[in-house]
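Asker: Have a look at this one before I ask anything.
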Amino acid sequence: MPSLRRDPLWYQTAVFYEVYVRSFYDANADGIGDFRGMKDQLDYLEWLGIDCVWLLPFYQSPMRDGGYDIADFYSIMPEYGTLNDFSEFLAAAHERGIRVVADLVMNHTSDQHPWFLESRNPGSAKRDWYVWSDTNERYPDARIIFVDSEKSNWAWDDTAGAYYWHRFFSHQPDLNYANEEVQAQMMSVVRFWLDIGLDGFRLDAVPYLFEREETNCENLPETHAFLKRVRSEVDKDYEDTVLLAEANQWPADVVAYFGDADECHMAFHFPLMPRMFMAARRQVRYPVVEILEQTPDIADICQWGLFLRNHDELTLEMVTDEERDYMYGEYAKDPRMKVNLGIRRRLAPLLENSRREIELFHAMLLSLPGTPIIYYGDELGMGDNIYLGDRDGVRTPMQWTLDRNAGFSRADFAQLYLPVLLDPVYGYQAVNVESAQRDQYSLLQWIRRMLAIRRQHPVLSMGSLQMLHPGNPSIFAYVRRLNDDIVLVVNNLSARAQAAELDLIEYEGMVPVELLGRERFPQIGKLPYLLTFVRHGFYWFQLISESSSGD
């Protein structure tokens, strides 16, 4: 059985798998997933080819925002098990060579957190741990993020006799990072979980840590200074640890979260994801190419985090108003599919369950520069339930088998934290792990094969990116290169068959070998290289010299 090996850059070649603990597997039959269940299903993740599990918040919480409203940073939700259960899961994952990172909500707490309850008392020792004001007119340039539910970033508290600052829900007061005690306490939280054995954190909502008048209270220099401090202390005392910034900003702003390779190791590339959907629906490559060309270079030891869907809405914050209206019109025809500035749907329903288009999106995810992140169940083609509130529609139980409750739990159906999907297209009778593992042509088996191919070619993780510009606008083509390993990726974004000629004169004399079947294609010559595509088809070619093509 594999185990963790020393590798400070492991995150560059890894495949991440995002898991909501309560959604994955219920081992004690109470209707809620838990860490014993996570441990029981590690063999599945190892079989699939996952390198790192990303856990959504599992800390003590009133669960008014899916665990992102933390009431105790040092304890686990009782429904998920004990600290010992967590440690056993962590050890079992490490035995299989799987690392584990977790969400850390640094910006705010629950209004039920003891820190906030004490802070509400004027003159208390923790009064300055949160941002209080006698007026709700401070920081007027800061935007409201949750436009569907919040009218202001300030909320009045009768006990405190003052307003408190919150960038998200009003029950999530922001911590005051201008207070050195708050910074020290959050560093203690980081150390606590790393000492137990976590391999890193996704740092939630980090652009909003500090506030200052006459700014939009985002991406402030003080925020970057604190993150550099976190990175310095983590690097000093812990090995092979990763910090992943959740900064939903434009690329030019996000790169600041890498610092000079002394801040976060990774950052999500938020603007790329909606433009992939836009390009597919418009059937032209330009939205993706334009955002990639706007993306600054990053240090060799840094890495982008790429994803198609996750636990939140398909965010449309980093698009223009015109682009947002277009996306709503194409992907959210039912108003219930919208939330805040985004679309709350899973991948398969967004793509109307088109197998070829789902494969195309994964082919791009796994071949563009960055570390791919798969949301639990998307490898099966799981659906969603738009009739559930908030983001719960994309957080339904994992579908394991044809058995009761999709094999997720032995509890009575009414006990489940959310109902399993029962519709005829995406319901667990049609979509589940057991059936997909037995079908060698299932989406699950296909994704497993693609992950294996990617693992064999580090160029797809760390190679340079060279964009190609064929005359056919539906063809999105690029070359990844790492030393002598060269991979040509060509994607057809059109719903119809296409042909394209590629200018590959730089690679004259080389032979394209298709990676999925190891089939040789004609040698590249001086003329443009002609390729034809089925609808939503793609190619991964390794370009090899003629002298080695017979090996």
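Residue numbering restarts at 1 for every chain of the structure tokens, chains are lettered A, B, ... in their displayed order, and ligands are numbered from 1 as they appear.
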Name the residues in contact with stretch 102-114 of chain A at a cut-off of 7 Å, using only C-alpha atoms, excluding same-chain residues fewer than 2 positions from it; report them as a list in words.
Answerer: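 Result of the neighbour search: Trp54, Leu55, Leu56, Pro57, Tyr68, Asp69, Ile70, Ala71, Asp72, Val100, Phe116, Leu117, Glu118, His171, Gln172, Pro173, Asp174, Leu175, Gly200, Phe201, Arg202, Leu203, Asp204, Ala205, Val206, Tyr208 and Leu209 of chain A.
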Asker: Using only C-alpha atoms, find each residue in stretch 312-411 of chain A having at least one atom no more than 9 Å away from stretch 443-466 of chain A; report its shortest atom-to-atom pair and that distance in Å (one decimal), rows by chain then rising number, as CSV.
Answerer:
```
residue,atom,partner,partner_atom,distance
A:Arg355,CA,A:Leu443,CA,7.6
A:Ile358,CA,A:Leu443,CA,8.7
A:Glu359,CA,A:Leu443,CA,8.0
A:His362,CA,A:Ile447,CA,7.9
A:Ala363,CA,A:Met450,CA,7.9
A:Leu366,CA,A:Arg454,CA,7.1
A:Ser367,CA,A:Leu460,CA,5.3
A:Leu368,CA,A:Leu460,CA,7.0
A:Pro369,CA,A:Ser461,CA,6.2
A:Gly370,CA,A:Ser461,CA,6.1
A:Thr371,CA,A:Ser461,CA,6.7
A:Pro372,CA,A:Ser461,CA,8.9
A:Asp378,CA,A:Leu444,CA,8.8
A:Glu379,CA,A:Leu444,CA,5.3
A:Leu380,CA,A:Leu444,CA,5.2
A:Gly381,CA,A:Leu443,CA,7.2
```
Asker: Taking 3 positions as the minimum chain separation for residues in the same chain, which residues sit within 12 Å of A:Asp334 when counting only C-alpha atoms? Answer as a list of chain:residue names.
Answerer: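 Contacts, with the query itself left out: A:Tyr328, A:Gly329, A:Glu330, A:Tyr331, A:Met337, A:Lys338, A:Val339, A:Ile343, A:Arg344, A:Arg345, A:Ile386, A:Tyr387.
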Asker: Which residue, A:Leu543, A:Leu360, A:Leu502, A:Val19, has the smallest gap to A:Leu527 when you use only C-alpha atoms?
Answerer: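 Under the stated criterion, the closest residue is A:Leu502.
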Asker: Could you pull out the residues in stretch 136-362 of chain A that DSSP calls alpha helix (DSSP H) from the backbone, as a ChimeraX atom specification?
Answerer: /A:180-196,221-237,251-254,272-282,286-293,321-331,347-350,355-362
Asker: For A:Pro251, which residue out of A:Pro296, A:Pro522, A:Gly123, A:Pro287 is the nearest one, using only C-alpha atoms?
Answerer: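 Once distances to A:Pro251 are computed over only C-alpha atoms, the minimum belongs to A:Pro296.
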